[in-house]
Amino acid sequence: MLNNIYLPKMARIVRVKQETGGPRPIKSFRTEFVNGDGFDHLPGQCAMISVFGKGEAMISISSAPHLKDYKQFSIVKTGRVTTALHGMREGDIIGLRGPLGNCFPIDDWKGKNIIIIGGGCGLAPVWPILQTTHANKKDFGDLTLFYGGRTSGDILYRDEIEELRGEVNIQLSVDAEEPGWEEYVGFVPSNLLDKKPSPDNTIAITCGPPMMIKFVIKNLQQLGFADDRIYTTVENKMKCGIGKCGRCNIGKDYVCMKGPVYSWADLKALPQEY
Amino acid sequence: MAKLDSHDVYMPAFVDDNWNYVVIDDAKAAGLDFAKTIHSPKNIVFPQREVMFTFEQEKGGAPVIAQTIPDPRPFVVFGVRSCDAKGLTLTDIVFSKEYEDPYYWARRNKGVFVGLSCNEPPDRTCFCVSTGGSPHGEDGLDIQMTELADSYYVKSFTDKGKRIVELGGSLFSAAAAKDKNELEKVHAASMTHQQRPINNLAGAPAKLKDMFTAPFWDEKSKACIQCGICTFLCPTCHCFDMNDEVSSSAPLKGERVRTWDTCQFPDFTMHSSGHNPRPDNASRLRQRVCHKFQYFFENHGVHQCTGCGRCVAKCPVGIDIVAAVNGANDYAE
């Protein structure tokens, strides 16, 4: 019998954490495989999450590969499957198919400085890079995180970020003034221009709302970052996750297979259809 | 026709006002005097709807899933046109590559495809030669039959095909030199019939790539009513949707179902946020044309159109992929 790539493996939700509120709340789910099943992943890879009776949604794995006990997913409540997920609790069983997609080429970045630039829920796909590079600090240069939310209440992983201070250069921002906020006020791309990180021997990775990514890339280029030193992740509607169902393509590339991770040098060669 | 007890036999039959492949248990409606079946035999290996697995979950319990890989009897499809057989070789690529699709191959591996050469183009929308094919092309076939003056010339290419010919036994006799001569003449003549031309097929991928943002697509796609028939009848279109269908909520019981889908539907690519990378007719027609004549070629070195003409013949508003490719090739900003 051929291996059936469409069959999900069962995983138990072991922790649910409300990350943010508002009309599009984010929850982080930690899951453990059951029945001795499972799979390993690389930073940036995704999984198809099944909520049986509702369907599947492609979600990036927001925990680093070396954290073997669980896989974490940080999920915005937005569609049929994610709304159902937001109603689930510890102990509930979901299905996982994966690992799907390519990964950040972290091994190629050894010896380099790493700057991660995230906005809102866009921190989730790049968080495994920070966890991985931080856990192997001696292999990399300086680690920096630029991260912003619309308000301080929209900031993901606040406790985990605070724990990294001192070892990672943390640059947080909110879009508008609010009482008690002592860090940068303004959009993430502006914070980047304000702090002017050096492009020397440095890789920049960005993920967030499309408009933010667009201006982050523009500003990185202005700061002197070469296109092949800038990485981002792309999302598109997906069903199969394995390059067959036909909907996530940008030009010749199925994002579920060739992506979600792209260098800007590669992504800009594809048609503007994402 | 000799009875093949070991196989289900599909043949073209005129049912409900259309020629289509049906399993023959009574040969009344079946025949080989058909022009073109409304669907290609792709449907037999990649059906419109199929259950991928069932799930069942007691409240508080773990879901139990059971895969439903098909296990069909071996089957023979009789009277396959070369364009449609070539189409199978293209869906084979899609359902292989990095991940084998077990549902597709469970059927595909059981099938023997017996071709019927087109001595004349079955209708005026044919353009197989223009896509690099041939009215007597062998790609994707196990056996090819060509109608001669008073017999059929039969070639078998694969082990599966040879076995079917063996099962036919006395139905077949060895071809003589004059039969081979006649075959060559018939095949040569079949290439001389006028078909709709595609100008500069080889240049199409680069040209299409260049004109991604051209207003051309807007003009060509204005009439589209987003019915998707161009893709649902296509022998190479493979896009699908996967959804859960629930029959009981307590205990939860249901099926994960795969159904055909189409790039011509607006919600095909729409994100849950409402953002849609292909939000209009222009981007969706461009996707269909570029997938077939640019992207697939860039990925696999072969065009994903075999010139069967169904999308041209059946489009309710007259959108014509040959005209689109030719228009693109001739387009000047």
# chains A, B, ... in the order shown; residues from 1 in each chain; ligands from 1
$ interface_residues --of "chain A" --to "chain B" --cutoff "10 Å" --atoms "only C-alpha atoms" --output "PyMOL selection string"
chain A and resi 1-12+34+50-56+77-80+82+91-95+235-240+242-253+257+270-274
$ write_last_selection --atoms "C-alpha atoms" --output "PDB file, in the first residue's frame"
ATOM      1  CA  MET A   1       0.000   0.000   0.000  1.00  0.00           C
ATOM      2  CA  LEU A   2       1.248   3.425  -0.902  1.00  0.00           C
ATOM      3  CA  ASN A   3       1.848   5.794   1.960  1.00  0.00           C
ATOM      4  CA  ASN A   4      -1.275   7.938   2.208  1.00  0.00           C
ATOM      5  CA  ILE A   5      -0.154  11.544   2.534  1.00  0.00           C
ATOM      6  CA  TYR A   6      -3.755  12.698   2.957  1.00  0.00           C
ATOM      7  CA  LEU A   7      -4.264  10.884   6.266  1.00  0.00           C
ATOM      8  CA  PRO A   8      -3.749  13.096   9.310  1.00  0.00           C
ATOM      9  CA  LYS A   9      -1.868  11.892  12.380  1.00  0.00           C
ATOM     10  CA  MET A  10      -3.672  12.403  15.656  1.00  0.00           C
ATOM     11  CA  ALA A  11      -2.422  14.980  18.145  1.00  0.00           C
ATOM     12  CA  ARG A  12      -3.763  16.100  21.503  1.00  0.00           C
ATOM     13  CA  VAL A  34      -0.764  10.371  20.201  1.00  0.00           C
ATOM     14  CA  SER A  50      -7.661  18.896  10.785  1.00  0.00           C
ATOM     15  CA  VAL A  51     -10.653  19.648  12.922  1.00  0.00           C
ATOM     16  CA  PHE A  52     -12.758  16.623  12.088  1.00  0.00           C
ATOM     17  CA  GLY A  53     -16.126  17.685  10.754  1.00  0.00           C
ATOM     18  CA  LYS A  54     -14.842  21.120   9.782  1.00  0.00           C
ATOM     19  CA  GLY A  55     -11.897  20.454   7.494  1.00  0.00           C
ATOM     20  CA  GLU A  56      -8.276  21.470   7.252  1.00  0.00           C
ATOM     21  CA  LYS A  77      -9.638  33.084  14.520  1.00  0.00           C
ATOM     22  CA  THR A  78     -10.712  33.836  10.978  1.00  0.00           C
ATOM     23  CA  GLY A  79     -12.299  31.001   8.983  1.00  0.00           C
ATOM     24  CA  ARG A  80     -14.307  27.817   9.487  1.00  0.00           C
ATOM     25  CA  THR A  82      -9.712  28.275  12.866  1.00  0.00           C
ATOM     26  CA  GLY A  91      -7.370  17.263  25.788  1.00  0.00           C
ATOM     27  CA  ASP A  92      -9.178  17.673  22.472  1.00  0.00           C
ATOM     28  CA  ILE A  93      -7.757  15.762  19.517  1.00  0.00           C
ATOM     29  CA  ILE A  94      -6.922  17.315  16.183  1.00  0.00           C
ATOM     30  CA  GLY A  95      -5.247  15.879  13.086  1.00  0.00           C
ATOM     31  CA  GLU A 235       0.672  32.458   2.442  1.00  0.00           C
ATOM     32  CA  ASN A 236      -2.056  31.430   0.061  1.00  0.00           C
ATOM     33  CA  LYS A 237      -5.223  29.415   0.318  1.00  0.00           C
ATOM     34  CA  MET A 238      -4.320  25.723   0.331  1.00  0.00           C
ATOM     35  CA  LYS A 239      -6.163  22.424   0.397  1.00  0.00           C
ATOM     36  CA  CYS A 240      -3.822  19.530  -0.328  1.00  0.00           C
ATOM     37  CA  ILE A 242       1.396  18.810  -1.619  1.00  0.00           C
ATOM     38  CA  GLY A 243       1.236  20.599  -4.961  1.00  0.00           C
ATOM     39  CA  LYS A 244      -1.797  18.911  -6.495  1.00  0.00           C
ATOM     40  CA  CYS A 245      -5.008  20.780  -5.684  1.00  0.00           C
ATOM     41  CA  GLY A 246      -3.859  23.713  -7.772  1.00  0.00           C
ATOM     42  CA  ARG A 247      -4.802  26.878  -5.902  1.00  0.00           C
ATOM     43  CA  CYS A 248      -1.751  28.232  -4.076  1.00  0.00           C
ATOM     44  CA  ASN A 249       0.473  28.828  -7.084  1.00  0.00           C
ATOM     45  CA  ILE A 250       2.297  32.052  -7.782  1.00  0.00           C
ATOM     46  CA  GLY A 251       3.280  31.600 -11.395  1.00  0.00           C
ATOM     47  CA  LYS A 252       4.923  28.204 -11.747  1.00  0.00           C
ATOM     48  CA  ASP A 253       5.469  27.706  -8.003  1.00  0.00           C
ATOM     49  CA  MET A 257       5.900  22.986  -2.036  1.00  0.00           C
ATOM     50  CA  LEU A 270       7.614  35.525  -9.668  1.00  0.00           C
ATOM     51  CA  PRO A 271       4.513  37.351 -10.904  1.00  0.00           C
ATOM     52  CA  GLN A 272       2.862  39.745  -8.460  1.00  0.00           C
ATOM     53  CA  GLU A 273      -0.059  37.466  -7.697  1.00  0.00           C
ATOM     54  CA  TYR A 274      -0.129  36.931  -3.939  1.00  0.00           C
TER      55      TYR A 274
END
$ select_by_dssp --residues "region 243-314 of chain B" --states "alpha helix (DSSP H)" --output "VMD selection string"
chain B and resid 281 to 290 296 to 300 310 to 314
$ write_last_selection --atoms "C-alpha atoms" --output "PDB file, in the first residue's frame"
ATOM      1  CA  ASN B 281     -11.973  37.238 -14.611  1.00  0.00           C
ATOM      2  CA  ALA B 282      -8.745  38.539 -16.117  1.00  0.00           C
ATOM      3  CA  SER B 283      -6.493  36.946 -13.506  1.00  0.00           C
ATOM      4  CA  ARG B 284      -8.448  33.699 -13.623  1.00  0.00           C
ATOM      5  CA  LEU B 285      -8.363  33.324 -17.419  1.00  0.00           C
ATOM      6  CA  ARG B 286      -4.672  34.195 -17.289  1.00  0.00           C
ATOM      7  CA  GLN B 287      -4.189  31.440 -14.708  1.00  0.00           C
ATOM      8  CA  ARG B 288      -5.895  28.859 -16.936  1.00  0.00           C
ATOM      9  CA  VAL B 289      -3.990  29.816 -20.072  1.00  0.00           C
ATOM     10  CA  CYS B 290      -0.640  30.331 -18.351  1.00  0.00           C
ATOM     11  CA  PHE B 296       3.393  23.517 -16.576  1.00  0.00           C
ATOM     12  CA  PHE B 297       5.953  23.830 -19.350  1.00  0.00           C
ATOM     13  CA  GLU B 298       8.371  25.646 -17.040  1.00  0.00           C
ATOM     14  CA  ASN B 299       8.001  22.908 -14.431  1.00  0.00           C
ATOM     15  CA  HIS B 300       7.782  19.770 -16.574  1.00  0.00           C
ATOM     16  CA  ARG B 310     -13.721  20.575 -25.325  1.00  0.00           C
ATOM     17  CA  CYS B 311     -13.196  23.906 -23.532  1.00  0.00           C
ATOM     18  CA  VAL B 312     -13.608  25.686 -26.853  1.00  0.00           C
ATOM     19  CA  ALA B 313     -16.677  23.721 -27.909  1.00  0.00           C
ATOM     20  CA  LYS B 314     -18.512  23.903 -24.595  1.00  0.00           C
TER      21      LYS B 314
END
$ closest_atom_pairs --of "region 158-262 of chain A" --to "region 117-122 of chain A" --cutoff "7 Å" --atoms "only C-alpha atoms" --output "JSON lines"
{"residue": "A:Val188", "atom": "CA", "partner": "A:Gly119", "partner_atom": "CA", "distance": 7.0}
{"residue": "A:Ile205", "atom": "CA", "partner": "A:Ile117", "partner_atom": "CA", "distance": 6.0}
{"residue": "A:Thr206", "atom": "CA", "partner": "A:Ile117", "partner_atom": "CA", "distance": 4.6}
{"residue": "A:Cys207", "atom": "CA", "partner": "A:Gly122", "partner_atom": "CA", "distance": 4.7}
{"residue": "A:Gly208", "atom": "CA", "partner": "A:Gly122", "partner_atom": "CA", "distance": 3.9}
{"residue": "A:Pro209", "atom": "CA", "partner": "A:Gly119", "partner_atom": "CA", "distance": 6.7}
$ select_by_dssp --residues "region 48-258 of chain A" --states "strand (DSSP E)" --output "MDAnalysis selection string"
chainID A and resid 48:51 55:60 71:76 93:100 113:119 143:149 169:174 184:185 202:207 230:233 249:250 253:254
$ closest_residue --among "B:Ala324, B:Pro251, B:Leu90, B:Asp179" --to "Asp218 (chain B)" --atoms "only C-alpha atoms"
B:Ala324
